[in-house]
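Trainee: Would you mind keeping the following structure in view while I ask a few things?
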Amino acid sequence: MRQSSKTAILDAALAVVSVPDGADITLDAVARQAGLTKPGLMYHFPTREALLLAIVEHAAARMEAAMRASGVTLETSTPAQRIRAYARITTRGDISRAEYAIFTEAAYRPALTEPWTTRMAAWLALPDDLPDDERARLTLARLAADGLWAAAATGVFPPAPRDHAAVLALIDNLTGTP
């Protein structure tokens, strides 16, 4: 399959999830969104499970690409810089409601966890020799970013804009940038 066709299908699948009332990812819905017939889609993704795995890989790749585009390099950045970049990326709207829905799908299907851990583990890992207080601060900063992402993506108790900015400032403080 040509990469552009695959990307178009996976983007169409994310669009299916992004509708205001949410939608189930079905082969029919994704085929319609992508402008394909169901058999045309099934040529590339023969089962819903194959499609879901590809969607998760696509969403995780988008997250990793956003991290790389943030100006923070995996090879030369500190854990604090990576956590700070993650907080910015997950809370500024580039990583959408659809990616969040796909991210949470892994809770119900353990096989879907692997693309996230493969792509993001190095970005979010904390070295074993990091002092305990710093590990705790960086973990708290990441969890705060996760919570902001969840609130924005689900619409459940999202913070007011001024509170959102204040939480990001606290994350900066936790990561060593007051």
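FYI, nothing fancy with the structure tokens labels: chains A, B, ... in order, residues from 1 per chain, ligands from 1 as they appear.
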Might you pull out every residue within 10 Å of Ala106 in chain A, with only C-alpha atoms counted and same-chain residues fewer than 3 positions away left off, and present them as a list in words?
Mentor: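 Skipping anything fewer than 3 positions along the chain leaves Leu52, Leu53, Val56, Ala101, Ile102, Phe103, Arg109, Pro110, Ala111, Leu112, Thr113, Glu114, Pro115 and Trp116 of chain A.
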Trainee: Using N, CA and C atoms, can you write the selected residues to a file as a PDB file, in the first residue's frame?
Mentor:
ATOM      1  N   LEU A  52      -7.529  -0.888  13.945  1.00  0.00           N
ATOM      2  CA  LEU A  52      -7.280  -0.245  15.246  1.00  0.00           C
ATOM      3  C   LEU A  52      -5.793  -0.181  15.562  1.00  0.00           C
ATOM      4  N   LEU A  53      -5.085  -1.261  15.339  1.00  0.00           N
ATOM      5  CA  LEU A  53      -3.643  -1.271  15.612  1.00  0.00           C
ATOM      6  C   LEU A  53      -2.931  -0.231  14.746  1.00  0.00           C
ATOM      7  N   VAL A  56      -3.688   3.268  16.143  1.00  0.00           N
ATOM      8  CA  VAL A  56      -2.902   3.544  17.347  1.00  0.00           C
ATOM      9  C   VAL A  56      -1.466   3.873  16.967  1.00  0.00           C
ATOM     10  N   ALA A 101      -8.751   9.605  22.445  1.00  0.00           N
ATOM     11  CA  ALA A 101      -9.659   8.447  22.414  1.00  0.00           C
ATOM     12  C   ALA A 101      -8.903   7.186  22.021  1.00  0.00           C
ATOM     13  N   ILE A 102      -8.011   7.319  21.044  1.00  0.00           N
ATOM     14  CA  ILE A 102      -7.214   6.175  20.616  1.00  0.00           C
ATOM     15  C   ILE A 102      -6.239   5.765  21.721  1.00  0.00           C
ATOM     16  N   PHE A 103      -5.671   6.744  22.398  1.00  0.00           N
ATOM     17  CA  PHE A 103      -4.767   6.474  23.518  1.00  0.00           C
ATOM     18  C   PHE A 103      -5.479   5.656  24.598  1.00  0.00           C
ATOM     19  N   ARG A 109      -7.694  -2.810  25.389  1.00  0.00           N
ATOM     20  CA  ARG A 109      -7.055  -3.757  24.480  1.00  0.00           C
ATOM     21  C   ARG A 109      -5.545  -3.674  24.692  1.00  0.00           C
ATOM     22  N   PRO A 110      -5.007  -4.520  25.558  1.00  0.00           N
ATOM     23  CA  PRO A 110      -3.579  -4.442  25.883  1.00  0.00           C
ATOM     24  C   PRO A 110      -2.652  -4.466  24.661  1.00  0.00           C
ATOM     25  N   ALA A 111      -3.041  -5.115  23.585  1.00  0.00           N
ATOM     26  CA  ALA A 111      -2.190  -5.155  22.389  1.00  0.00           C
ATOM     27  C   ALA A 111      -1.985  -3.764  21.806  1.00  0.00           C
ATOM     28  N   LEU A 112      -2.875  -2.832  22.118  1.00  0.00           N
ATOM     29  CA  LEU A 112      -2.770  -1.480  21.584  1.00  0.00           C
ATOM     30  C   LEU A 112      -1.846  -0.594  22.417  1.00  0.00           C
ATOM     31  N   THR A 113      -1.320  -1.120  23.511  1.00  0.00           N
ATOM     32  CA  THR A 113      -0.398  -0.360  24.351  1.00  0.00           C
ATOM     33  C   THR A 113       0.982  -0.256  23.706  1.00  0.00           C
ATOM     34  N   GLU A 114       1.388  -1.287  23.002  1.00  0.00           N
ATOM     35  CA  GLU A 114       2.748  -1.372  22.464  1.00  0.00           C
ATOM     36  C   GLU A 114       3.149  -0.189  21.592  1.00  0.00           C
ATOM     37  N   PRO A 115       2.320   0.262  20.647  1.00  0.00           N
ATOM     38  CA  PRO A 115       2.762   1.416  19.841  1.00  0.00           C
ATOM     39  C   PRO A 115       3.038   2.665  20.687  1.00  0.00           C
ATOM     40  N   TRP A 116       2.224   2.888  21.714  1.00  0.00           N
ATOM     41  CA  TRP A 116       2.459   4.051  22.576  1.00  0.00           C
ATOM     42  C   TRP A 116       3.769   3.906  23.335  1.00  0.00           C
TER      43      TRP A 116
END
Trainee: Might you pull out every residue within 12 Å of Leu174 in chain A, with only C-alpha atoms counted and same-chain residues fewer than 6 positions away left off, and present them as a PyMOL selection string?
Mentor: chain A and resi 79-81+83-84+87+133-145+167-168
Trainee: Keeping C-alpha atoms, export the residues of the selection given above as a short mmCIF file (atom, residue, chain, number, x, y, z; two decimals), in the first residue's frame.
Mentor:
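File produced: again-v3.cif:
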data_model
loop_
_atom_site.label_atom_id
_atom_site.label_comp_id
_atom_site.auth_asym_id
_atom_site.auth_seq_id
_atom_site.Cartn_x
_atom_site.Cartn_y
_atom_site.Cartn_z
CA PRO A 79 14.05 14.60 31.34
CA ALA A 80 12.62 17.92 32.55
CA GLN A 81 12.79 19.42 29.05
CA ILE A 83 8.28 16.42 30.20
CA ARG A 84 7.79 20.15 29.66
CA ALA A 87 2.92 19.05 28.64
CA ASP A 133 12.34 14.51 44.80
CA GLU A 134 13.08 15.37 41.16
CA ARG A 135 11.51 12.10 39.98
CA ALA A 136 8.39 12.95 41.97
CA ARG A 137 8.20 16.50 40.58
CA LEU A 138 8.62 15.32 36.98
CA THR A 139 6.11 12.52 37.46
CA LEU A 140 3.63 15.00 38.93
CA ALA A 141 4.21 17.35 35.98
CA ARG A 142 3.55 14.54 33.48
CA LEU A 143 0.43 13.44 35.33
CA ALA A 144 -0.82 17.04 35.39
CA ALA A 145 -0.28 17.21 31.62
CA VAL A 167 -1.47 24.96 35.61
CA LEU A 168 1.02 25.10 32.73
#
Trainee: Identify all residues of chain A in alpha helix (DSSP H) (DSSP on the backbone) and supply them as an MDAnalysis selection string.
Mentor: chainID A and resid 3:18 27:34 38:44 48:69 79:91 97:105 113:124 132:154 161:174
Trainee: For a test of reading the model, state the distance in Å between CA of Ala151 in chain A and CA of Thr91 in chain A, rounded to one decimal.
Mentor: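 Interatomic distance here is 9.5 Å.
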Trainee: What does the structure give for the distance between CA of Arg97 in chain A and CA of Ala59 in chain A, in Å to one decimal?
Mentor: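 Here the two named atoms are 10.9 Å from each other.
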Trainee: Compile the contact shell of range 33-37 of chain A as a ChimeraX atom specification: residues with an atom at most 9 Å away, counting only C-alpha atoms, same-chain residues fewer than 4 positions apart removed.
Mentor: /A:8-13,15-16,28-29,41-42
Trainee: Between A:Ala54, A:Arg48, A:Trp123, A:Asp172, which has the minimum distance to Ala66 in chain A (counting only C-alpha atoms)?
Mentor: A:Trp123
Trainee: Of the residues A:Leu130, A:Leu14, A:Ala150, A:Leu124, which is the one nearest to Tyr100 in chain A, using only C-alpha atoms?
Mentor: A:Ala150
Trainee: Separation of CA of Met120 in chain A and CA of Ala60 in chain A, in Å?
Mentor: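 Atom-to-atom, CA of Met120 in chain A to CA of Ala60 in chain A, that is 7.5 Å.
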Trainee: Between A:Leu170, A:Val17, A:Ile25, A:Ala122, which one has atoms that come closest to Glu75 in chain A, using only C-alpha atoms?
Mentor: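 Closest candidate: A:Ala122.
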Trainee: Which residue out of A:Lys6, A:His44, A:Arg119, A:His164 has the minimum interatomic distance to Arg68 in chain A when only C-alpha atoms are used?
Mentor: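 Among the listed residues, A:Arg119 lies closest to Arg68 in chain A.
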